[in-house]
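Enquirer: One structure, pasted below without further comment.
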Amino acid sequence: MEKKKYYLTTPIYYPSDNFHIGHCYTTVIADTLARYKRAKGFDVFFLTGTDEHGQKIEERAKLAGTDPKSFVDKIVANAQDLWSSLGITYDKFIRTTDEYHVKAVQKMFRDLYEKGDIYKGEYEGWYCTPDESFWTDSQLVDGKCPECGREVKKVKEESYFLRLSNYQKQLEEYLESHPELMQPESRYKEMLNNFLKPGLQDLSVSRTSFKWGIPVDFDPDHVIYVWMDALSNYITALGYNSDDDSLFQKYWPAELHLVGKEIFRFHTLIWPIMLMALDLPLPKQVYGHGWLVVDGGKISKSLGNYKDPRVYINDYGVDAVRYYLLSEVPFGNDGNFSEKLLVERSNSDLANVLGNLVNRTVSMTNKYFGGTVTNTKVHETVDEDLIRTVNELNAKVEAKMDTLHVDAAIAEIFNVLKRTNRYVDETTPWVLGKDESKQDRLQTVLFNLLEAIRVCTIQLEAFIPKSAQAIFDQLQTDARTFDTVAFGSVDSYTVVEKPSILFARIDEKELEEKWAKEAAAVEETTEEVQETKPEITFDDFMKTEMKVGLIEACEKHPKADKLLVSQINIGTETRQVVSGIAPDYTPEDMIGKKVIVVTNLKPAKIRGVESQGMILVGEDANGIEVVNLKSMEPGATVR
Ligand code: MSP
């Protein structure tokens with residue numbers, strides 16, 4: 001029988017050196033769904049990739065002193081490395097700089113232009129000069145740039161537009177008859193009532209003010225502006241508009257686009273209209289998941305609540321990280337991230353509930369039966385209850401996974417594991433072990449335990465694949481697939497002689513002491529030292545490197561009222577610097593100032609936030625004043 005196809009995508013990521021744990025969320029859910037569907041016999045195509053064009057990349061490349069393509073080439077590998085350390089099993093990785101994508105998007109643009117769905121007009125909007133970014137009326141915050149808080153100016157620029165208005169009615173009708181397209185339902189209502197029904201404005205889809213994009217081939221002053229380039233990846237990756245579109249014929253339309261809530265709108269309004277204009281079928285579902293937040297706020301490098309996810313993977317294991325991401329964020333809502341919680345969950349669920357159960361069972365099978373037990377099939381009521389619970393699990397997990405309630409699905413599996421632990425307490429195998437006449441009963445109990453573990457592990461494979469394989473290995477069973485998911489599919493077990501620890505218990509107390517010590521050390525280094533300094537030579541002084549730096553962004557320190565965290569452009573790069581100037585300056589005061597930065601100071605963590613340098617200030621009884629060199633360029637030397 002031909003397999004049913006399942007085409008699943010994540011968004012394509014902006015290439016970055018600074019991926020955080022929140023970025024891993026979409027990809028880990030997608031990977032879990034892909035693995036689950038494959039195990040259930042679907043022909044899965046799982047796509048991810050990178051979104052590499054746009055003004056921001058152009059600017060960052062310039063700051064790094066290189067061209068955009070070399071710049072992205074270097075950092076794309078970072079995404080691939082991160083996905084590999086998380087065990088992500090994508091079938092294709094698309095880069096929007098790939099030639100087939102560029103050509104396919106150019107043709108798509110031309111086709112829509114010839115059809116009249118794209119037309120040339122004039123873009124009018126707001127422009128933030130220092131940020132070089134465009135904003136619409138509704139995006140401005142108090143009339144200022146939503147990103148840096150500075151003044152914006154009105155601009156007019158020639159631009160091509162996609163006639164969203166032409167398809168407004170058609171989309172409205174489609175969505176009303178296909179409410180399942182948008183998940184969760186709350187977002188569907190928001191899109192329909194707040195965005196679609198009030199009316200869609202035509203979308204500006206080209207720019208002439210920067211170069212790093214796909215050129216419009218019949219009007220090369222224009223580059224195709226972000227969303228049209230990015231969204232089309234879902235079909236160009238399959239060969240749409242290329243010589244070989246067999247994958248496209250096979251897999252399109254997608255069963256699921258998984259996206260974060262902030263880009264849901266583009267995927268449910270603009271993307272369907274692009275597809276309608278191209279006469280292509282719409283995806284079956286777009287799921288807008290919530291965010292991983294820290295103390296209710298964003299995860300970001302400058303807020304100091306950021307660590308490279310590979311640090312957690314390295315310290316606690318890939319499955320502790322996957323388990324946390326998959327279980328902690330309730331369907332469609334935001335979930336909280338903290339390293340402490342990750343450790344707690346790993347200890348309480350993975351080590352205690354799962355690891356301990358496997359370890360005890362394998363050890364007892366060795367102790368009482370030399371490692372081999374067979375199915376006696378003689379059952380007491382308590383066994384029947386366990387067997388029933390285990391056999392009900394498959395349908396429960398499937399129902400949750402089919403509606404994308406991934407957190408609830410994994411909770412179902414852990415409920416059965418907890419039930420299995422209770423079965424150990426109810427049957428007390430260690431007591432049976434002391435009684436010669438209870439050997440058959442003991443064998444039944446151990447076999448039932450191994451069977452329950454095996455069935456749960458089949459379910460767990462999609463979520464925590466590495467550990468699942470390790471458990472199967474300890475059970476020494478080949479019955480790892482869903483065709484053996486029924487209890488009793490195996491007749492006997494010969495388990496490994498010595499079970500290895502699956503999830504090492506992390507000492508929470510030791511960890512907290514370590515964190516407390518780190519915090520105290522930081523406090524100490526930031527204490528001001530007030531003393532008369534010894535004389536230094538000219539050479540000593542010349543060891544200090546100082547440069548003019550432009551403060552491009554600034555925010556309050558998340559943990560200290562007196563500190564501000566600035567992002568400072570020092571010509572060759574952007575540095576993050578923490579300074580004790582908050583009593584006298586607001587973040588808005590600082591943005592745009594050209595200050596003097598000591599650039600060769602050893603980086604330090606100040607109340608948990610990394611500081612890579614120091615701003616020079618004057619200080620007296622009235623307070624602090626920063627030096628502001630108005631006519632200098634960032635990067636100019638100070639001596
Ligand atoms: N390039 C666009 C997407 C284009 S798709 C045609 C983009 N890229 S992104 O790198 O900014 O984000 C990629 C994904 O990471 C998004 O789904 C986004 O929601 C997700 N996350 C980024 N930070 C997140 C959290 N803190 N929590 C959960 N997901 C978050 O947007």
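Ligands are numbered from 1 in the order shown, residues from 1 within each chain, and chains are lettered A, B, ... in the order they appear in the structure tokens.
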I want to know what sits within 9 Å of Leu326 (chain A), based on only C-alpha atoms, with residues of the same chain fewer than 2 positions away left out; could you give that as a PDB file with C-alpha atoms, in the first residue's frame?

Expert:
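selection.pdb written:
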ATOM      1  CA  TYR A  25      11.381  25.327  20.176  1.00  0.00           C
ATOM      2  CA  VAL A  28      12.145  20.442  18.206  1.00  0.00           C
ATOM      3  CA  ILE A  29       8.338  20.230  17.972  1.00  0.00           C
ATOM      4  CA  THR A  32       9.014  15.276  17.094  1.00  0.00           C
ATOM      5  CA  VAL A 321      16.506  19.771  26.666  1.00  0.00           C
ATOM      6  CA  ARG A 322      14.039  18.182  24.231  1.00  0.00           C
ATOM      7  CA  TYR A 323      11.884  16.924  27.072  1.00  0.00           C
ATOM      8  CA  TYR A 324      11.750  20.352  28.643  1.00  0.00           C
ATOM      9  CA  GLU A 328       6.747  22.805  29.302  1.00  0.00           C
ATOM     10  CA  VAL A 329       4.889  24.916  26.728  1.00  0.00           C
ATOM     11  CA  PRO A 330       1.138  24.294  26.795  1.00  0.00           C
ATOM     12  CA  VAL A 406       2.491  17.722  21.957  1.00  0.00           C
ATOM     13  CA  ASP A 407       2.815  18.618  25.644  1.00  0.00           C
ATOM     14  CA  ILE A 410       4.137  13.374  26.347  1.00  0.00           C
ATOM     15  CA  PHE A 463      10.233  12.879  21.782  1.00  0.00           C
TER      16      PHE A 463
END

Enquirer: Run DSSP on the backbone of this structure and report the residues of region 425-611 of chain A it assigns to helix (DSSP H, G or I), as number ranges by chain.

Expert: A: 425-427, 429-432, 436-460, 465-475, 482-484, 508-526, 538-542, 587-590

Enquirer: Taking the chain letters and numbering used in this document, name the residues of region 430-609 of chain A that DSSP puts in strand (DSSP E), as a PyMOL selection string.

Expert: chain A and resi 492-494+546-556+564-569+574-579+594-598+604-606+609

Enquirer: Pick out the closest residue to Ile568 (chain A) from this set: A:Pro465, A:Pro603, A:Pro587, A:Pro634. Count only C-alpha atoms.

Expert: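 Checking each of A:Pro465, A:Pro603, A:Pro587, A:Pro634 against Ile568 (chain A), counting only C-alpha atoms, the winner is A:Pro634.
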
Enquirer: Counting only C-alpha atoms and all ligand atoms, what are the residues, protein, DNA or RNA alike, that approach ligand 1 to within 6 Å? I want them as a ChimeraX atom specification.

Expert: /A:11-14,22-23,25-26,51,230-231,259-261,291-293,299

Enquirer: Tell me, as a PyMOL selection string, which residues lie within 6 Å of region 345-357 of chain A, counting only C-alpha atoms; anything in the same chain fewer than 3 positions away does not count.

Expert: chain A and resi 320+342+360+502-503+505

Enquirer: I want to know what sits within 12 Å of Gly65 (chain A), based on only C-alpha atoms, with residues of the same chain fewer than 4 positions away left out; could you give that as a list of chain:residue names?

Expert: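 Here the qualifying residues turn out to be A:Glu58, A:Glu59, A:Arg60, A:Ala61, A:Ser70, A:Phe71, A:Gly571, A:Thr572, A:Glu573.
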